[in-house]
Protein chains: 2
Amino acid sequence: MFRERLYLFDTTLRDGAQTAGIEFSLEDKIAIARMLEEIGVDYIEGGYPGANPVDTEFFETERTKRATFTAFGMTKRAGRSAANDPGVQALVNSAAPATCFVAKAWDYQVDLALGSSTEEHLEGLADTVGVAAAAGKEVLVDLEHFFDGFKANPDYALSCVRTALDAGARWVVLCDTNGGTMPSEVRQIVGAVLEIAPGDHLGIHSHDDTGQAVANALAAVEAGVRQVQGTLNGLGERCGNANLITLIPTLALKPFYAERFETGVTPSHLQRLTSISRAFDDRLNRAPARQAPYVGASAFATKAGIHASALLKDFSTYEHVAPEGVGNERAIMVSQQAGKSNLLTALARHGITLEKDDPRLEKLLKTVKEREARGYSYDGADASFAVLARRSLGTLPKFFEVENYRASVERRHNAMGEEVTVTEAVVKVRVDGELLMSVAEGNGPVNALDQALRKDLGKYSSQIEDLRLSDFKVRILDGGTSAVTRVLVESRDASGERWVTIGVSPNIIDASFEALYESITYKLLKAEAAQTSTTA
Amino acid sequence: MFRERLYLFDTTLRDGAQTAGIEFSLEDKIAIARMLEEIGVDYIEGGYPGANPVDTEFFETERTKRATFTAFGMTKRAGRSAANDPGVQALVNSAAPATCFVAKAWDYQVDLALGSSTEEHLEGLADTVGVAAAAGKEVLVDLEHFFDGFKANPDYALSCVRTALDAGARWVVLCDTNGGTMPSEVRQIVGAVLEIAPGDHLGIHSHDDTGQAVANALAAVEAGVRQVQGTLNGLGERCGNANLITLIPTLALKPFYAERFETGVTPSHLQRLTSISRAFDDRLNRAPARQAPYVGASAFATKAGIHASALLKDFSTYEHVAPEGVGNERAIMVSQQAGKSNLLTALARHGITLEKDDPRLEKLLKTVKEREARGYSYDGADASFAVLARRSLGTLPKFFEVENYRASVERRHNAMGEEVTVTEAVVKVRVDGELLMSVAEGNGPVNALDQALRKDLGKYSSQIEDLRLSDFKVRILDGGTSAVTRVLVESRDASGERWVTIGVSPNIIDASFEALYESITYKLLKAEAAQTSTTA
């Protein structure tokens, strides 16, 4: 049976960057674009070239493989042609094959914000779209405040749609900018727009100000739009945008939609959803929402309660989809099966193959669950999982032991009366029975310990020369500096590989040291594997 | 114009108690019932008398004033009459004037869970409802799995509705038990049910497994149900129930609904929403969701960004409702795009009023931009902004000075050969010229410094007694432990207010100390303001 194509458009790196307290570095943007390709979105809006140095640099090269890399910006300013408008040219000259321009579909806003006439605004829109299309770009137009605009002046709102399409736009995106529109209104207004813009040219951009961003997106799809915009974990201005991590499985797994529409999302994309969602929160250094649809730790958790009798006979009647399908797992009295198969997959990723009935698998599962109960989280710390697995399986070489360490930080006034902070660390390690002692200064206790620890590892020193720390994150799990501290360290080496290790302790220094230690251990495991494969 | 009455039914104390990790004490239940009456709900389902000691005790007396106190339980067991069923009698004999019984509307579930015939189940339902109604109770019936049941066997599902109403039930509640139903399906199925059950007898109980619990509730209302069930902050099994804190303002403030329906919610109830939502999270000891619709700290927050021009001229076009209406407030964030007007708004929030042409405003703007370039971010650290502003304006009292501090962490083996970590900090502060020296141990350098810093602040000590650190976050800005470290500290006090301060330094300890220092300074500013207002 024929299914219409639905396109998924992600704006995490643009609208998501408007979230209070969020600021993406260039490294963040590159990493997030990679995550987005792992879940099968069709378009990745990377930001606003020309608006700030990070975005400008981000758009110097094409950052996506499969998805269409998209640049966002304003239509031309009044009083100059789009061909001579630096803002428009920044987009046209960017490495992105697609450009999205924002225009105002609410006449009141045109007057208020631009102080220009709706005619001028429409001319500017046509000129801008025309110039970008002529330059070979795929052109999208975000119609800001579309639904409020349509209610106030449908003729003008519709003329924005017509103007954009006539000028050569591939897509016109209807934006519920302040997030106050109800699904029934979206349904009815999209219907009216389709009468003048038939075919697959409309998109929906919804916000969650009434908790209905996802419902508004789906209502628009049912009414006929063919492009759906959203963000990872619903990031975005105010209450956020439509959550793609929720929309994607609903569109792909619910027969109500799956029978009518096809997307670029494959079953293997779906299975990455849970870990991508959690890895994204780790990068933002915030705790994943336990109750998040599909991917939350509680999404398939049930306190048997009144459902016990039925539950134990058939879980499925209390699960609207199968947890494995989205890479999540059932959390009802720890379902050993789900746990084991997840574990086997994770082990395979590190070249460790075990039989499903190997008793060591049971033991490792117990260890992982016990450590996760203490605050460890291996979703975002795969290298620590690899080290833990080998330790539990008894295949972890004894590279070196740490005898003890200490670090001190002192803030005082120096001879010139200036405030200075002096940090020093001492680490004692044992390699092949030999005791090696190193001292180092650093611009913080963790940095000093890292320097001292790596200063002399005897015969292993050469193998870790290219090890670099690329990120370091701390989160308190129970709130307050006296609760358990979770440290995530991201490392990389000359091969370009990045790996994340984790440390958990009431003491931030112990937690950090544990993560540093495991990062070095993982690096040594890599070196060892490389040797065996070359000598083999 | 005539408006139909909509009834709001809260199940925080029953379905909400199914949330993973949540357990309510008797005191919790009493306090939460009080909160619920402050926001104008019509029914409060208190739990399951007979199922556990807390619920049994909770139902010994009537716990509500205005709202209808409701008891939840099962229909009679097979093989005995409802009159002789202890479970049914526990509800009938409870202090609650209303009783809600749960029945299975999916024939597959009747067979699977009860192993009995659908006929028996319907008889039991009729018998149970009849007995409770005869005892003078207002009777509600939750039809579990109604939507899946209707899809599988509409005749049986509908006969459950008919049986309940014929036996004397006031309400029949259609439950989307596994949360997988789409709004369009809810709309269509509710329509079918209304044909055999006209009038105001139907309720909706939705779950958020596809992020559409609120949308499903609203779709059902539009289709004709007149009772809406939900919980505080969307608490509930798995992904939670429909969030009443979101539903209430939507029903009361959106003309789309307000023109057709009336509820028991008054404007003063609405103004309590934000503080009740946050107080509820405090009771659950969790941080309120910043992006929560209507009540989140970010719900009316905007980084000027691309909207700057319009925003500063008319906030309302970017706010779907007025923040004051739900007891929340607007937050224009001081950030990269900071302009004078943003700054004035932010200053006003801290009771500082300046003229737009005051030269000190220009100076503060420069300071903010210069600090943000160095890694500070005042979006998420409003308390630090308040301190910075007063310092820059020269109105910051000199509470105390820090002369110097030091912290040390040592990991070693103790006499018994166990690994131990010892952390100690010394802080010297000057208050009114007097030098105060404090030493403290902690389970980490930041914790130890915090303890030592607060140990003795002379005359200020009493003013910071109720200061608590509720969260602590560290982020490396340029990657690697040798880059700039940004620390965010969230604090709270007995008043329930939460504030965030920021520290930035290459040294994590200096950054943390800066954030701790500013948190205390902000707290002292609060105390000072309180005094002046009382002495005034």
# chains A, B, ... in the order shown; residues from 1 in each chain; ligands from 1
>>> select_by_dssp(residues="region 295-423 of chain B", states="alpha helix (DSSP H)", output="ChimeraX atom specification")
/B:308-313,340-349,359-373,382-393
>>> write_last_selection(atoms="N, CA and C atoms", output="short mmCIF file (atom, residue, chain, number, x, y, z; two decimals), in the first residue's frame")
data_model
loop_
_atom_site.label_atom_id
_atom_site.label_comp_id
_atom_site.auth_asym_id
_atom_site.auth_seq_id
_atom_site.Cartn_x
_atom_site.Cartn_y
_atom_site.Cartn_z
N ALA B 308 14.31 39.75 19.38
CA ALA B 308 14.61 40.95 20.16
C ALA B 308 13.74 42.14 19.77
N SER B 309 13.82 42.53 18.49
CA SER B 309 13.16 43.77 18.08
C SER B 309 11.69 43.80 18.49
N ALA B 310 10.95 42.73 18.15
CA ALA B 310 9.52 42.72 18.47
C ALA B 310 9.30 42.59 19.97
N LEU B 311 10.06 41.70 20.57
CA LEU B 311 9.90 41.38 21.99
C LEU B 311 9.91 42.62 22.86
N LEU B 312 10.94 43.44 22.65
CA LEU B 312 11.10 44.59 23.53
C LEU B 312 9.98 45.60 23.32
N LYS B 313 9.32 45.52 22.16
CA LYS B 313 8.21 46.46 21.93
C LYS B 313 6.90 45.94 22.50
N LYS B 340 20.33 47.23 26.50
CA LYS B 340 19.93 48.01 27.67
C LYS B 340 18.53 47.62 28.17
N SER B 341 17.60 47.42 27.22
CA SER B 341 16.22 47.16 27.68
C SER B 341 16.14 45.83 28.42
N ASN B 342 16.86 44.80 27.92
CA ASN B 342 16.89 43.52 28.64
C ASN B 342 17.37 43.77 30.06
N LEU B 343 18.43 44.54 30.13
CA LEU B 343 19.09 44.79 31.40
C LEU B 343 18.12 45.47 32.37
N LEU B 344 17.41 46.49 31.87
CA LEU B 344 16.46 47.21 32.73
C LEU B 344 15.40 46.26 33.27
N THR B 345 14.92 45.35 32.41
CA THR B 345 13.90 44.39 32.87
C THR B 345 14.48 43.51 33.96
N ALA B 346 15.70 43.00 33.70
CA ALA B 346 16.35 42.12 34.68
C ALA B 346 16.57 42.85 36.00
N LEU B 347 17.02 44.11 35.92
CA LEU B 347 17.26 44.90 37.14
C LEU B 347 15.95 45.10 37.90
N ALA B 348 14.89 45.40 37.16
CA ALA B 348 13.58 45.64 37.80
C ALA B 348 13.17 44.41 38.61
N ARG B 349 13.50 43.22 38.07
CA ARG B 349 13.12 41.99 38.79
C ARG B 349 13.76 41.95 40.17
N PRO B 359 24.28 56.61 33.08
CA PRO B 359 25.59 56.12 32.63
C PRO B 359 25.99 54.80 33.28
N ARG B 360 25.49 54.56 34.51
CA ARG B 360 25.86 53.30 35.19
C ARG B 360 25.30 52.09 34.44
N LEU B 361 24.21 52.32 33.69
CA LEU B 361 23.62 51.22 32.92
C LEU B 361 24.59 50.78 31.83
N GLU B 362 25.18 51.77 31.15
CA GLU B 362 26.17 51.51 30.10
C GLU B 362 27.33 50.71 30.68
N LYS B 363 27.77 51.13 31.86
CA LYS B 363 28.92 50.48 32.50
C LYS B 363 28.57 49.03 32.84
N LEU B 364 27.37 48.83 33.41
CA LEU B 364 26.95 47.46 33.77
C LEU B 364 26.87 46.58 32.52
N LEU B 365 26.34 47.15 31.43
CA LEU B 365 26.22 46.40 30.18
C LEU B 365 27.60 45.94 29.72
N LYS B 366 28.58 46.85 29.79
CA LYS B 366 29.95 46.51 29.39
C LYS B 366 30.47 45.37 30.27
N THR B 367 30.27 45.51 31.58
CA THR B 367 30.75 44.48 32.51
C THR B 367 30.14 43.12 32.16
N VAL B 368 28.82 43.09 31.96
CA VAL B 368 28.15 41.83 31.66
C VAL B 368 28.74 41.21 30.40
N LYS B 369 28.86 42.00 29.36
CA LYS B 369 29.37 41.46 28.09
C LYS B 369 30.79 40.95 28.26
N GLU B 370 31.60 41.74 28.99
CA GLU B 370 33.01 41.35 29.18
C GLU B 370 33.08 40.03 29.95
N ARG B 371 32.23 39.89 30.99
CA ARG B 371 32.26 38.66 31.78
C ARG B 371 31.71 37.48 30.98
N GLU B 372 30.69 37.72 30.18
CA GLU B 372 30.14 36.60 29.39
C GLU B 372 31.18 36.13 28.38
N ALA B 373 31.99 37.07 27.89
CA ALA B 373 33.06 36.69 26.95
C ALA B 373 34.07 35.79 27.67
N ASP B 382 20.76 33.99 37.88
CA ASP B 382 20.14 35.27 38.14
C ASP B 382 20.63 35.91 39.45
N ALA B 383 20.91 35.09 40.45
CA ALA B 383 21.37 35.64 41.74
C ALA B 383 22.74 36.28 41.56
N SER B 384 23.60 35.66 40.77
CA SER B 384 24.91 36.27 40.52
C SER B 384 24.75 37.57 39.75
N PHE B 385 23.74 37.62 38.88
CA PHE B 385 23.50 38.88 38.16
C PHE B 385 23.12 39.97 39.15
N ALA B 386 22.26 39.62 40.14
CA ALA B 386 21.84 40.62 41.14
C ALA B 386 23.05 41.15 41.91
N VAL B 387 23.94 40.23 42.28
CA VAL B 387 25.14 40.63 43.03
C VAL B 387 26.04 41.49 42.14
N LEU B 388 26.25 41.06 40.91
CA LEU B 388 27.10 41.81 39.97
C LEU B 388 26.55 43.21 39.76
N ALA B 389 25.22 43.30 39.57
CA ALA B 389 24.59 44.60 39.31
C ALA B 389 24.85 45.55 40.47
N ARG B 390 24.60 45.09 41.69
CA ARG B 390 24.79 45.97 42.85
C ARG B 390 26.26 46.37 43.01
N ARG B 391 27.15 45.41 42.68
CA ARG B 391 28.58 45.74 42.79
C ARG B 391 28.91 46.84 41.78
N SER B 392 28.43 46.63 40.54
CA SER B 392 28.72 47.59 39.47
C SER B 392 28.08 48.94 39.75
N LEU B 393 26.92 48.93 40.39
CA LEU B 393 26.22 50.19 40.70
C LEU B 393 26.73 50.80 42.00
#
>>> interface_residues(of="chain A", to="chain B", cutoff="6 Å", atoms="only C-alpha atoms", output="ChimeraX atom specification")
/A:21,113,178,180,209-210,238-239,291-293,298-301,309-310,318-320,404-412,443-444,447,469-476,479-481,506-508
>>> write_last_selection(atoms="C-alpha atoms", output="PDB file, in the first residue's frame")
ATOM      1  CA  GLY A  21      20.932  28.225  30.176  1.00  0.00           C
ATOM      2  CA  ALA A 113       8.798  44.773  14.754  1.00  0.00           C
ATOM      3  CA  ASN A 178       4.178  31.573  21.032  1.00  0.00           C
ATOM      4  CA  GLY A 180      -0.650  28.925  22.320  1.00  0.00           C
ATOM      5  CA  ASP A 209       3.532  26.077  25.975  1.00  0.00           C
ATOM      6  CA  THR A 210       0.288  24.148  26.547  1.00  0.00           C
ATOM      7  CA  ARG A 238      10.444  28.725  26.897  1.00  0.00           C
ATOM      8  CA  CYS A 239       8.733  25.320  27.258  1.00  0.00           C
ATOM      9  CA  GLN A 291       9.225   9.906  32.752  1.00  0.00           C
ATOM     10  CA  ALA A 292      10.122  10.854  29.161  1.00  0.00           C
ATOM     11  CA  PRO A 293       7.900   8.985  26.665  1.00  0.00           C
ATOM     12  CA  SER A 298      10.394   4.903  33.945  1.00  0.00           C
ATOM     13  CA  ALA A 299       8.753   4.760  30.504  1.00  0.00           C
ATOM     14  CA  PHE A 300       8.307   1.009  30.815  1.00  0.00           C
ATOM     15  CA  ALA A 301       8.542   0.760  34.586  1.00  0.00           C
ATOM     16  CA  SER A 309      -2.235 -10.114  38.164  1.00  0.00           C
ATOM     17  CA  ALA A 310      -2.520  -9.166  34.502  1.00  0.00           C
ATOM     18  CA  TYR A 318       0.548  -2.511  29.769  1.00  0.00           C
ATOM     19  CA  GLU A 319       3.133  -1.482  27.156  1.00  0.00           C
ATOM     20  CA  HIS A 320       1.870   0.507  24.179  1.00  0.00           C
ATOM     21  CA  ASN A 404      47.891   6.744  46.985  1.00  0.00           C
ATOM     22  CA  TYR A 405      47.538  10.362  45.920  1.00  0.00           C
ATOM     23  CA  ARG A 406      46.963  13.805  47.348  1.00  0.00           C
ATOM     24  CA  ALA A 407      46.066  17.199  45.977  1.00  0.00           C
ATOM     25  CA  SER A 408      46.052  20.631  47.577  1.00  0.00           C
ATOM     26  CA  VAL A 409      44.764  24.031  46.497  1.00  0.00           C
ATOM     27  CA  GLU A 410      45.750  27.247  48.221  1.00  0.00           C
ATOM     28  CA  ARG A 411      44.459  30.751  47.510  1.00  0.00           C
ATOM     29  CA  ARG A 412      46.635  33.459  49.043  1.00  0.00           C
ATOM     30  CA  ASN A 443      45.257  24.852  37.407  1.00  0.00           C
ATOM     31  CA  GLY A 444      42.964  22.750  39.565  1.00  0.00           C
ATOM     32  CA  ASN A 447      44.187  18.797  36.302  1.00  0.00           C
ATOM     33  CA  LEU A 469      41.069  15.030  27.909  1.00  0.00           C
ATOM     34  CA  SER A 470      38.424  16.693  25.749  1.00  0.00           C
ATOM     35  CA  ASP A 471      35.623  17.192  28.289  1.00  0.00           C
ATOM     36  CA  PHE A 472      34.937  16.949  31.987  1.00  0.00           C
ATOM     37  CA  LYS A 473      31.481  17.088  33.585  1.00  0.00           C
ATOM     38  CA  VAL A 474      30.280  16.898  37.137  1.00  0.00           C
ATOM     39  CA  ARG A 475      26.783  16.337  38.413  1.00  0.00           C
ATOM     40  CA  ILE A 476      25.503  15.937  41.933  1.00  0.00           C
ATOM     41  CA  GLY A 479      21.355  17.551  45.227  1.00  0.00           C
ATOM     42  CA  GLY A 480      23.712  19.517  47.460  1.00  0.00           C
ATOM     43  CA  THR A 481      27.493  19.300  47.496  1.00  0.00           C
ATOM     44  CA  PRO A 506      30.804  11.338  47.584  1.00  0.00           C
ATOM     45  CA  ASN A 507      34.166  13.009  46.963  1.00  0.00           C
ATOM     46  CA  ILE A 508      34.494  14.906  43.666  1.00  0.00           C
TER      47      ILE A 508
END
>>> atom_distance(atom1="CA of Thr61 (chain A)", atom2="CA of Leu202 (chain A)")
28.2 Å
>>> residues_around(residues="region 161-176 of chain B", least_positions_apart="3", cutoff="6 Å", atoms="only C-alpha atoms", output="compact mmCIF listing (two decimals) with all heavy atoms, in the first residue's frame")
# COMPACT_ATOMS: atom_id res chain seq x y z
N ALA B 126 -22.18 -4.62 38.14
CA ALA B 126 -23.53 -4.14 38.47
C ALA B 126 -23.79 -4.29 39.96
O ALA B 126 -24.25 -3.35 40.63
CB ALA B 126 -24.56 -4.91 37.66
N VAL B 129 -21.60 -1.67 41.98
CA VAL B 129 -22.11 -0.30 41.84
C VAL B 129 -23.42 -0.14 42.61
O VAL B 129 -23.63 0.82 43.35
CB VAL B 129 -22.29 0.07 40.35
CG1 VAL B 129 -23.03 1.40 40.20
CG2 VAL B 129 -20.95 0.12 39.64
N GLY B 130 -24.29 -1.16 42.46
CA GLY B 130 -25.58 -1.10 43.13
C GLY B 130 -25.45 -0.97 44.63
O GLY B 130 -26.10 -0.12 45.26
N VAL B 139 -21.06 7.22 42.88
CA VAL B 139 -20.27 6.12 42.33
C VAL B 139 -19.64 6.48 40.99
O VAL B 139 -20.29 6.99 40.08
CB VAL B 139 -21.13 4.85 42.17
CG1 VAL B 139 -20.27 3.70 41.65
CG2 VAL B 139 -21.76 4.47 43.50
N LEU B 140 -18.32 6.23 40.90
CA LEU B 140 -17.59 6.38 39.64
C LEU B 140 -17.07 5.01 39.23
O LEU B 140 -16.79 4.17 40.10
CB LEU B 140 -16.42 7.32 39.79
CG LEU B 140 -16.69 8.76 40.19
CD1 LEU B 140 -16.72 8.92 41.70
CD2 LEU B 140 -15.63 9.68 39.59
N VAL B 141 -16.97 4.75 37.93
CA VAL B 141 -16.39 3.49 37.46
C VAL B 141 -15.27 3.82 36.47
O VAL B 141 -15.48 4.49 35.46
CB VAL B 141 -17.45 2.59 36.79
CG1 VAL B 141 -16.78 1.37 36.18
CG2 VAL B 141 -18.50 2.18 37.82
N ASP B 142 -14.04 3.38 36.80
CA ASP B 142 -12.90 3.50 35.88
C ASP B 142 -12.93 2.30 34.95
O ASP B 142 -12.80 1.16 35.42
CB ASP B 142 -11.57 3.47 36.66
CG ASP B 142 -11.13 4.84 37.13
OD1 ASP B 142 -11.86 5.83 36.90
OD2 ASP B 142 -10.06 4.91 37.77
N LEU B 143 -13.09 2.52 33.66
CA LEU B 143 -13.05 1.39 32.73
C LEU B 143 -11.64 1.26 32.17
O LEU B 143 -11.23 2.00 31.27
CB LEU B 143 -14.09 1.56 31.62
CG LEU B 143 -15.54 1.42 32.10
CD1 LEU B 143 -16.51 1.59 30.94
CD2 LEU B 143 -15.77 0.06 32.79
N GLU B 144 -10.91 0.31 32.77
CA GLU B 144 -9.51 0.08 32.43
C GLU B 144 -9.38 -0.39 30.99
O GLU B 144 -10.23 -1.14 30.51
CB GLU B 144 -8.99 -1.00 33.39
CG GLU B 144 -7.51 -0.99 33.62
CD GLU B 144 -7.05 -2.25 34.37
OE1 GLU B 144 -7.91 -3.01 34.82
OE2 GLU B 144 -5.84 -2.45 34.47
N HIS B 145 -8.30 0.05 30.30
CA HIS B 145 -8.04 -0.39 28.91
C HIS B 145 -9.23 -0.12 28.00
O HIS B 145 -9.47 -0.91 27.08
CB HIS B 145 -7.74 -1.90 28.89
CG HIS B 145 -6.31 -2.23 29.23
ND1 HIS B 145 -5.25 -1.71 28.56
CD2 HIS B 145 -5.80 -3.03 30.19
CE1 HIS B 145 -4.14 -2.18 29.07
NE2 HIS B 145 -4.43 -2.98 30.06
N PHE B 146 -10.00 0.96 28.26
CA PHE B 146 -11.23 1.15 27.48
C PHE B 146 -10.96 1.26 25.98
O PHE B 146 -11.64 0.64 25.16
CB PHE B 146 -12.03 2.36 27.95
CG PHE B 146 -13.35 2.46 27.23
CD1 PHE B 146 -14.44 1.72 27.64
CD2 PHE B 146 -13.46 3.25 26.08
CE1 PHE B 146 -15.64 1.76 26.94
CE2 PHE B 146 -14.66 3.29 25.37
CZ PHE B 146 -15.75 2.55 25.81
N PHE B 147 -9.94 2.03 25.61
CA PHE B 147 -9.74 2.28 24.17
C PHE B 147 -9.22 1.05 23.43
O PHE B 147 -9.69 0.73 22.34
CB PHE B 147 -8.86 3.52 23.97
CG PHE B 147 -9.51 4.76 24.52
CD1 PHE B 147 -9.25 5.18 25.82
CD2 PHE B 147 -10.43 5.47 23.77
CE1 PHE B 147 -9.87 6.30 26.35
CE2 PHE B 147 -11.07 6.59 24.29
CZ PHE B 147 -10.79 7.01 25.59
N LEU B 158 -18.76 -1.29 25.25
CA LEU B 158 -19.95 -0.45 25.43
C LEU B 158 -20.89 -1.05 26.48
O LEU B 158 -21.53 -0.31 27.24
CB LEU B 158 -20.68 -0.29 24.10
CG LEU B 158 -19.96 0.58 23.06
CD1 LEU B 158 -20.68 0.54 21.72
CD2 LEU B 158 -19.83 2.03 23.56
N GLY B 179 -1.66 4.11 27.71
CA GLY B 179 -1.23 5.40 27.17
C GLY B 179 -0.91 5.45 25.70
O GLY B 179 -0.29 6.40 25.23
N HIS B 201 -22.01 12.10 31.74
CA HIS B 201 -21.68 10.92 32.54
C HIS B 201 -20.29 10.37 32.24
O HIS B 201 -19.85 9.43 32.90
CB HIS B 201 -22.72 9.83 32.31
CG HIS B 201 -24.07 10.22 32.77
ND1 HIS B 201 -24.36 10.44 34.10
CD2 HIS B 201 -25.21 10.48 32.08
CE1 HIS B 201 -25.64 10.81 34.22
NE2 HIS B 201 -26.17 10.85 33.01
N LEU B 202 -19.61 10.94 31.24
CA LEU B 202 -18.33 10.35 30.84
C LEU B 202 -17.13 11.15 31.33
O LEU B 202 -17.16 12.38 31.38
CB LEU B 202 -18.25 10.22 29.32
CG LEU B 202 -19.32 9.36 28.66
CD1 LEU B 202 -19.07 9.29 27.16
CD2 LEU B 202 -19.35 7.96 29.27
N GLY B 203 -16.07 10.42 31.71
CA GLY B 203 -14.81 11.05 32.10
C GLY B 203 -13.67 10.49 31.28
O GLY B 203 -13.82 9.45 30.61
N ILE B 204 -12.52 11.18 31.29
CA ILE B 204 -11.34 10.71 30.55
C ILE B 204 -10.16 10.61 31.51
O ILE B 204 -9.93 11.49 32.34
CB ILE B 204 -11.00 11.66 29.37
CG1 ILE B 204 -9.77 11.14 28.61
CG2 ILE B 204 -10.74 13.09 29.87
CD1 ILE B 204 -10.04 9.93 27.74
N HIS B 205 -9.42 9.50 31.41
CA HIS B 205 -8.23 9.26 32.23
C HIS B 205 -7.12 8.88 31.25
O HIS B 205 -7.14 7.80 30.67
CB HIS B 205 -8.51 8.10 33.21
CG HIS B 205 -7.34 7.67 34.03
ND1 HIS B 205 -7.18 8.06 35.35
CD2 HIS B 205 -6.28 6.89 33.74
CE1 HIS B 205 -6.07 7.52 35.84
NE2 HIS B 205 -5.50 6.81 34.88
N SER B 206 -6.19 9.81 31.03
CA SER B 206 -5.19 9.59 29.99
C SER B 206 -3.78 9.53 30.56
O SER B 206 -3.51 10.07 31.64
CB SER B 206 -5.27 10.71 28.94
OG SER B 206 -5.20 11.97 29.58
>>> atom_distance(atom1="CA of Lys29 (chain A)", atom2="CA of Asp55 (chain A)")
8.9 Å
>>> atom_distance(atom1="CA of Thr532 (chain A)", atom2="CA of Leu516 (chain A)")
24.7 Å
>>> select_by_dssp(residues="region 125-216 of chain A", states="strand (DSSP E)", output="ChimeraX atom specification")
/A:138-144,171-175,202-205
>>> closest_residue(among="A:Glu528, A:Asp10, A:Asp155, A:Asp358", to="Thr231 (chain A)", atoms="only C-alpha atoms")
A:Asp10
>>> closest_residue(among="A:Asn233, A:Phe59, A:Ala90, A:Pro267", to="Leu284 (chain A)", atoms="only C-alpha atoms")
A:Asn233
